[in-house]
Amino acid sequence: MDEDLDIKIGLEVHVQLTALKTKLFCKCSANYRGMPPNTLTCPVCLGHPGALPVLNKKAVEYAIMVALALNSSISPQMLFFRKNYFYVDLPKNFQISQYDKAGGVPLSVGGWVEFSVNGEKKRVRIRRIQLEEDPARLVYPGTITTAPYTLVDFNRAGVALLEIVTEPDIKTPEEAYFFLQKLRSILEHLGVSSENMQGSMRCDANISIKGGARVEIKNISSFKDVYRALQYEIIRQKQQLKHGIATVQETRHWDEDRQITVSLRVKETESDYRYFPEPDLVPVRISEEWIKKIAAQMPELPDARKERFISEYKITEYDATVLTSNKKLADFFEECCKLYPNPKKLANWIMGDLLRNLNETGLDVTQLAITVEQFVDLLKMIDEGIISAKIAKRILREAVRTGKPPRKIVEDEGLLKIDDEEFIAKIVDEVFREFPKAVEDAKKDRRAVNFLVGQVMRKTRGRADPNITNKMILSRLEGK
Ligand SMILES: [Zn+2]
């Protein structure tokens, strides 16, 4: 991206505390995914008159854990405010949230997240972290801009949401992507948000270039889409700049289907909302003792795990960074290490072929069909000389896509390595007959030998033992 454009990107990340069983202010189940619409509700989360919210203490503890992990300063007292606005996703016409003005304090202020972008360390500052309730879920038949009507599902209303707001320290879509990846890994390691929950992390992105007005892109639901939306928005704003059109302050929507941002409304300012203290909830005192107790119970975080991977498994810093970028991936690696004595080889296979296959299929490591045992078994088959590394790559590809155990694939498809010298000799004969020119070349130039080896491999679909094949071809060239 162009340096001189002075791109400023800030993110507001909304994280559902999916590890909580219940909603933020009532005992309704927070596990609404896949449930019939409007079945997980009560007078509190539906906002019926007279219903009183009761704060979920565990949610506050989780929020404190996140604040500690992000180096944020926790406020000694937590207050809730009513953020008043009229919209179909809000049953009460207000959202119980926190407010950093008019005497309000968020759960925590300041802090930072450190991550690497192409090997370079980058730090993004955190502005504040606050706890609030999720609004209901709106379902649009078709797209948000074309739907003739909107459906409302209140199952999500009241689910505990952590809002993490960054300073506008991000300069490129790529940095935003790596920031989010690191943040997710931290949240997963803390155990407050489960892995790969579609939509459990949603993002608003603020972006301005060269001092132009700030444009907000609302409700982006995947990291890849954050990347794409920012990329689109930078190009759009750059074009405007070029043609002397002022960027207006507005809220835009990321249209996943069309891969563009569209204007939703000219940005409301904070005065469009009315905030006032929530009278039904008493302030929560957050004592030093409570914080200390929570800090003592904190699980291992990605950075610490990375350092441990380097010292315990003797892998490179780069490998350790990639492996800990995703908790499930790090778990997969560690489980494999228990069953297989060569961590470096494991890291290579996981980061190379396994991740490549995941990328190709669009699967997350959580949806991986191959088990730790099967993956290790594949490497063992190479070590035992049963299959070649080349065949192993093919088997892995199939195992990831079908869930079929590698050993079964080897059996079913007759992929065992051929070390039968008589058989290989026959194939070598064939190749020598078919490529006399290459044989002459190989006698003078040893580099041409590879071509002959390659032909044997092609005829055996990569199954011929490369060592035997090589030796046999060389000795035939020498006339033995
Ligand atoms: Zn409820």
# chains A, B, ... in the order shown; residues from 1 in each chain; ligands from 1

call {"tool": "residues_around", "arguments": {"residues": "Ser475 in chain A", "least_positions_apart": "4", "cutoff": "12 Å", "atoms": "only C-alpha atoms", "output": "list in words"}}
result
Ala425, Val428, Ala442, Lys443, Val449, Ile468, Thr469, Asn470, Lys471, Gly479 and Lys480 of chain A

call {"tool": "write_last_selection", "arguments": {"atoms": "all heavy atoms", "output": "CSV table (one decimal), in the first residue's frame"}}
result
chain,number,residue,atom,x,y,z
A,425,ALA,N,13.6,-52.7,-12.7
A,425,ALA,CA,14.5,-52.9,-13.9
A,425,ALA,C,13.7,-53.0,-15.2
A,425,ALA,O,14.2,-52.4,-16.2
A,425,ALA,CB,15.2,-54.2,-13.7
A,428,VAL,N,12.8,-49.5,-16.1
A,428,VAL,CA,14.0,-48.8,-16.6
A,428,VAL,C,14.3,-49.2,-18.0
A,428,VAL,O,14.6,-48.3,-18.8
A,428,VAL,CB,15.2,-49.1,-15.6
A,428,VAL,CG1,16.5,-48.5,-16.2
A,428,VAL,CG2,14.9,-48.4,-14.3
A,442,ALA,N,22.5,-38.3,-21.0
A,442,ALA,CA,22.8,-38.6,-19.6
A,442,ALA,C,24.2,-39.2,-19.4
A,442,ALA,O,24.8,-39.0,-18.4
A,442,ALA,CB,21.7,-39.6,-19.0
A,443,LYS,N,24.7,-39.8,-20.5
A,443,LYS,CA,26.0,-40.4,-20.4
A,443,LYS,C,27.0,-39.3,-20.3
A,443,LYS,O,28.1,-39.4,-19.7
A,443,LYS,CB,26.3,-41.3,-21.6
A,443,LYS,CG,25.7,-42.7,-21.5
A,443,LYS,CD,26.0,-43.5,-22.7
A,443,LYS,CE,25.3,-44.9,-22.6
A,443,LYS,NZ,25.1,-45.6,-23.8
A,449,VAL,N,20.2,-37.2,-16.0
A,449,VAL,CA,19.7,-38.5,-15.3
A,449,VAL,C,18.3,-38.2,-14.7
A,449,VAL,O,17.5,-39.1,-14.7
A,449,VAL,CB,20.7,-38.9,-14.2
A,449,VAL,CG1,20.2,-40.0,-13.4
A,449,VAL,CG2,22.0,-39.3,-14.9
A,468,ILE,N,16.5,-46.9,-5.3
A,468,ILE,CA,16.8,-48.0,-6.2
A,468,ILE,C,16.8,-47.6,-7.6
A,468,ILE,O,17.7,-47.9,-8.4
A,468,ILE,CB,15.8,-49.1,-5.9
A,468,ILE,CG1,15.8,-49.6,-4.5
A,468,ILE,CG2,16.0,-50.3,-6.9
A,468,ILE,CD1,14.8,-50.6,-4.1
A,469,THR,N,15.8,-46.8,-8.0
A,469,THR,CA,15.7,-46.3,-9.4
A,469,THR,C,17.0,-45.5,-9.8
A,469,THR,O,17.5,-45.8,-10.9
A,469,THR,CB,14.5,-45.4,-9.5
A,469,THR,OG1,13.3,-46.1,-9.0
A,469,THR,CG2,14.2,-45.0,-11.0
A,470,ASN,N,17.4,-44.6,-8.9
A,470,ASN,CA,18.6,-43.8,-9.2
A,470,ASN,C,19.8,-44.7,-9.5
A,470,ASN,O,20.5,-44.6,-10.5
A,470,ASN,CB,18.8,-42.9,-8.0
A,470,ASN,CG,19.0,-41.5,-8.5
A,470,ASN,OD1,19.6,-41.2,-9.5
A,470,ASN,ND2,18.4,-40.6,-7.7
A,471,LYS,N,20.0,-45.6,-8.5
A,471,LYS,CA,21.2,-46.5,-8.6
A,471,LYS,C,21.2,-47.3,-9.9
A,471,LYS,O,22.2,-47.5,-10.6
A,471,LYS,CB,21.2,-47.4,-7.4
A,471,LYS,CG,22.0,-46.8,-6.2
A,471,LYS,CD,22.2,-47.9,-5.1
A,471,LYS,CE,22.1,-47.3,-3.7
A,471,LYS,NZ,21.5,-48.2,-2.8
A,479,GLY,N,27.2,-48.8,-18.1
A,479,GLY,CA,27.4,-50.0,-18.8
A,479,GLY,C,27.5,-51.3,-18.0
A,479,GLY,O,28.0,-52.3,-18.5
A,480,LYS,N,27.1,-51.2,-16.7
A,480,LYS,CA,27.2,-52.4,-15.9
A,480,LYS,C,26.0,-53.3,-16.1
A,480,LYS,O,25.0,-52.8,-16.4
A,480,LYS,CB,27.4,-52.0,-14.4
A,480,LYS,CG,28.8,-51.5,-14.1
A,480,LYS,CD,28.9,-50.9,-12.7
A,480,LYS,CE,30.0,-49.9,-12.5
A,480,LYS,NZ,29.8,-49.1,-11.4

call {"tool": "residues_near_ligand", "arguments": {"ligand": "ligand 1", "cutoff": "10 Å", "atoms": "only C-alpha atoms and all ligand atoms", "output": "list in words"}}
result
Thr22, Lys23, Leu24, Phe25, Cys26, Lys27, Cys28, Ser29, Ala30, Thr39, Leu40, Thr41, Cys42, Pro43, Val44, Cys45, Leu46, Gly47, Ala51, Pro53, Phe154, Asn155, Arg156, Ala157, Gly158 and Val159 of chain A

call {"tool": "write_last_selection", "arguments": {"atoms": "N, CA and C atoms", "output": "tab-separated table (two decimals), in the first residue's frame"}}
result
chain	number	residue	atom	x	y	z
A	22	THR	N	-24.79	-18.98	29.67
A	22	THR	CA	-26.01	-18.17	29.67
A	22	THR	C	-25.72	-16.75	29.18
A	23	LYS	N	-26.81	-16.01	28.98
A	23	LYS	CA	-26.69	-14.64	28.48
A	23	LYS	C	-26.14	-13.70	29.57
A	24	LEU	N	-25.93	-12.44	29.21
A	24	LEU	CA	-25.28	-11.51	30.13
A	24	LEU	C	-26.15	-11.12	31.33
A	25	PHE	N	-27.44	-10.99	31.11
A	25	PHE	CA	-28.29	-10.51	32.21
A	25	PHE	C	-29.45	-11.43	32.58
A	26	CYS	N	-29.49	-12.63	31.99
A	26	CYS	CA	-30.55	-13.58	32.34
A	26	CYS	C	-30.03	-14.99	32.19
A	27	LYS	N	-30.85	-15.96	32.56
A	27	LYS	CA	-30.37	-17.34	32.56
A	27	LYS	C	-30.68	-18.09	31.25
A	28	CYS	N	-31.12	-17.37	30.23
A	28	CYS	CA	-31.39	-18.02	28.94
A	28	CYS	C	-30.09	-18.58	28.37
A	29	SER	N	-30.21	-19.68	27.65
A	29	SER	CA	-29.03	-20.26	27.02
A	29	SER	C	-28.45	-19.30	25.98
A	30	ALA	N	-27.12	-19.17	26.01
A	30	ALA	CA	-26.46	-18.30	25.05
A	30	ALA	C	-26.05	-19.06	23.79
A	39	THR	N	-36.67	-19.11	20.49
A	39	THR	CA	-36.97	-20.15	21.48
A	39	THR	C	-36.15	-19.97	22.76
A	40	LEU	N	-35.11	-19.12	22.71
A	40	LEU	CA	-34.26	-18.94	23.88
A	40	LEU	C	-34.44	-17.53	24.42
A	41	THR	N	-35.62	-17.28	24.94
A	41	THR	CA	-35.92	-15.92	25.39
A	41	THR	C	-36.66	-15.95	26.72
A	42	CYS	N	-36.64	-14.80	27.41
A	42	CYS	CA	-37.39	-14.65	28.66
A	42	CYS	C	-37.78	-13.17	28.79
A	43	PRO	N	-38.57	-12.82	29.78
A	43	PRO	CA	-38.96	-11.41	29.92
A	43	PRO	C	-37.78	-10.45	29.99
A	44	VAL	N	-36.64	-10.90	30.57
A	44	VAL	CA	-35.48	-9.99	30.69
A	44	VAL	C	-34.89	-9.67	29.32
A	45	CYS	N	-34.57	-10.73	28.55
A	45	CYS	CA	-33.90	-10.43	27.26
A	45	CYS	C	-34.88	-9.97	26.19
A	46	LEU	N	-36.18	-10.14	26.46
A	46	LEU	CA	-37.16	-9.58	25.52
A	46	LEU	C	-37.56	-8.16	25.93
A	47	GLY	N	-37.03	-7.71	27.08
A	47	GLY	CA	-37.28	-6.33	27.51
A	47	GLY	C	-38.70	-6.07	27.98
A	51	ALA	N	-39.14	-6.45	34.10
A	51	ALA	CA	-38.14	-7.53	34.19
A	51	ALA	C	-36.79	-6.92	34.56
A	53	PRO	N	-32.64	-7.08	35.03
A	53	PRO	CA	-31.41	-7.77	34.64
A	53	PRO	C	-30.57	-8.15	35.86
A	154	PHE	N	-34.78	-13.27	18.32
A	154	PHE	CA	-34.34	-12.72	19.60
A	154	PHE	C	-33.45	-13.67	20.40
A	155	ASN	N	-33.16	-14.85	19.85
A	155	ASN	CA	-32.28	-15.78	20.58
A	155	ASN	C	-30.94	-15.15	20.91
A	156	ARG	N	-30.46	-14.30	20.04
A	156	ARG	CA	-29.14	-13.71	20.27
A	156	ARG	C	-29.21	-12.51	21.23
A	157	ALA	N	-30.40	-11.92	21.40
A	157	ALA	CA	-30.53	-10.72	22.23
A	157	ALA	C	-30.09	-11.03	23.66
A	158	GLY	N	-29.08	-10.29	24.13
A	158	GLY	CA	-28.63	-10.46	25.51
A	158	GLY	C	-27.41	-11.34	25.68
A	159	VAL	N	-26.91	-11.88	24.59
A	159	VAL	CA	-25.67	-12.67	24.68
A	159	VAL	C	-24.51	-11.72	25.03

call {"tool": "residues_around", "arguments": {"residues": "range 180-187 of chain A", "least_positions_apart": "6", "cutoff": "8 Å", "atoms": "only C-alpha atoms", "output": "list in words"}}
result
Val66, Ala69, Val113, Glu114, Phe115, Ser193, Phe223, Leu301, Pro302, Thr324, Ser325, Asn326 and Lys327 of chain A

call {"tool": "residues_around", "arguments": {"residues": "Ala295 in chain A", "least_positions_apart": "5", "cutoff": "12 Å", "atoms": "only C-alpha atoms", "output": "ChimeraX atom specification"}}
result
/A:61-69,71,190,288-290,300-301

call {"tool": "residues_around", "arguments": {"residues": "Ile427 in chain A", "least_positions_apart": "5", "cutoff": "9 Å", "atoms": "only C-alpha atoms", "output": "list in words"}}
result
Glu422, Phe432, Val456, Lys459 and Thr460 of chain A

call {"tool": "write_last_selection", "arguments": {"atoms": "all heavy atoms", "output": "PDB file, in the first residue's frame"}}
result
ATOM      1  N   GLU A 422      13.374 -56.250  -9.628  1.00  0.00           N
ATOM      2  CA  GLU A 422      13.089 -56.844 -10.929  1.00  0.00           C
ATOM      3  C   GLU A 422      12.059 -55.999 -11.684  1.00  0.00           C
ATOM      4  O   GLU A 422      12.211 -55.710 -12.863  1.00  0.00           O
ATOM      5  CB  GLU A 422      12.529 -58.255 -10.713  1.00  0.00           C
ATOM      6  CG  GLU A 422      12.978 -59.251 -11.768  1.00  0.00           C
ATOM      7  CD  GLU A 422      12.546 -60.652 -11.355  1.00  0.00           C
ATOM      8  OE1 GLU A 422      12.980 -61.111 -10.275  1.00  0.00           O
ATOM      9  OE2 GLU A 422      11.747 -61.245 -12.095  1.00  0.00           O
ATOM     10  N   PHE A 432      14.630 -46.604 -21.141  1.00  0.00           N
ATOM     11  CA  PHE A 432      15.834 -46.535 -21.976  1.00  0.00           C
ATOM     12  C   PHE A 432      15.507 -46.736 -23.450  1.00  0.00           C
ATOM     13  O   PHE A 432      16.109 -46.133 -24.321  1.00  0.00           O
ATOM     14  CB  PHE A 432      16.871 -47.570 -21.507  1.00  0.00           C
ATOM     15  CG  PHE A 432      17.807 -47.028 -20.450  1.00  0.00           C
ATOM     16  CD1 PHE A 432      17.308 -46.571 -19.237  1.00  0.00           C
ATOM     17  CD2 PHE A 432      19.182 -46.966 -20.665  1.00  0.00           C
ATOM     18  CE1 PHE A 432      18.150 -46.065 -18.254  1.00  0.00           C
ATOM     19  CE2 PHE A 432      20.036 -46.449 -19.691  1.00  0.00           C
ATOM     20  CZ  PHE A 432      19.514 -46.003 -18.477  1.00  0.00           C
ATOM     21  N   VAL A 456      10.594 -42.906 -14.983  1.00  0.00           N
ATOM     22  CA  VAL A 456      10.273 -44.128 -14.215  1.00  0.00           C
ATOM     23  C   VAL A 456       9.182 -43.817 -13.192  1.00  0.00           C
ATOM     24  O   VAL A 456       8.231 -44.580 -13.007  1.00  0.00           O
ATOM     25  CB  VAL A 456      11.544 -44.700 -13.531  1.00  0.00           C
ATOM     26  CG1 VAL A 456      11.178 -45.890 -12.646  1.00  0.00           C
ATOM     27  CG2 VAL A 456      12.575 -45.107 -14.580  1.00  0.00           C
ATOM     28  N   LYS A 459       5.800 -43.525 -14.879  1.00  0.00           N
ATOM     29  CA  LYS A 459       5.225 -44.816 -15.242  1.00  0.00           C
ATOM     30  C   LYS A 459       4.715 -45.591 -14.026  1.00  0.00           C
ATOM     31  O   LYS A 459       3.835 -46.440 -14.148  1.00  0.00           O
ATOM     32  CB  LYS A 459       6.271 -45.680 -15.976  1.00  0.00           C
ATOM     33  CG  LYS A 459       6.444 -45.292 -17.441  1.00  0.00           C
ATOM     34  CD  LYS A 459       7.569 -46.101 -18.058  1.00  0.00           C
ATOM     35  CE  LYS A 459       7.752 -45.767 -19.531  1.00  0.00           C
ATOM     36  NZ  LYS A 459       6.660 -46.320 -20.362  1.00  0.00           N
ATOM     37  N   THR A 460       5.301 -45.315 -12.858  1.00  0.00           N
ATOM     38  CA  THR A 460       4.860 -46.046 -11.651  1.00  0.00           C
ATOM     39  C   THR A 460       3.990 -45.169 -10.759  1.00  0.00           C
ATOM     40  O   THR A 460       3.764 -45.487  -9.603  1.00  0.00           O
ATOM     41  CB  THR A 460       6.074 -46.543 -10.843  1.00  0.00           C
ATOM     42  OG1 THR A 460       6.879 -45.398 -10.506  1.00  0.00           O
ATOM     43  CG2 THR A 460       6.908 -47.536 -11.615  1.00  0.00           C
TER      44      THR A 460
END

call {"tool": "residues_around", "arguments": {"residues": "Thr145 in chain A", "least_positions_apart": "5", "cutoff": "9 Å", "atoms": "only C-alpha atoms", "output": "ChimeraX atom specification"}}
result
/A:140,255,262,264

call {"tool": "residues_around", "arguments": {"residues": "range 117-131 of chain A", "least_positions_apart": "6", "cutoff": "9 Å", "atoms": "only C-alpha atoms", "output": "MDAnalysis selection string"}}
result
chainID A and resid 59:60 63 66:67 70:73 80 96:100 105:111 160:170 174:175 178:179 318

call {"tool": "closest_atom_pairs", "arguments": {"of": "range 303-330 of chain A", "to": "range 338-354 of chain A", "cutoff": "7 Å", "atoms": "only C-alpha atoms", "output": "tab-separated table"}}
result
residue	atom	partner	partner_atom	distance
A:Tyr313	CA	A:Pro343	CA	5.9
A:Ile315	CA	A:Lys344	CA	5.9
A:Asp319	CA	A:Ala347	CA	6.8

call {"tool": "select_by_dssp", "arguments": {"residues": "range 46-205 of chain A", "states": "alpha helix (DSSP H)", "output": "PyMOL selection string"}}
result
chain A and resi 57-69+173-190

call {"tool": "atom_distance", "arguments": {"atom1": "CA of Val215 in chain A", "atom2": "CA of Ala246 in chain A"}}
result
11.7 Å
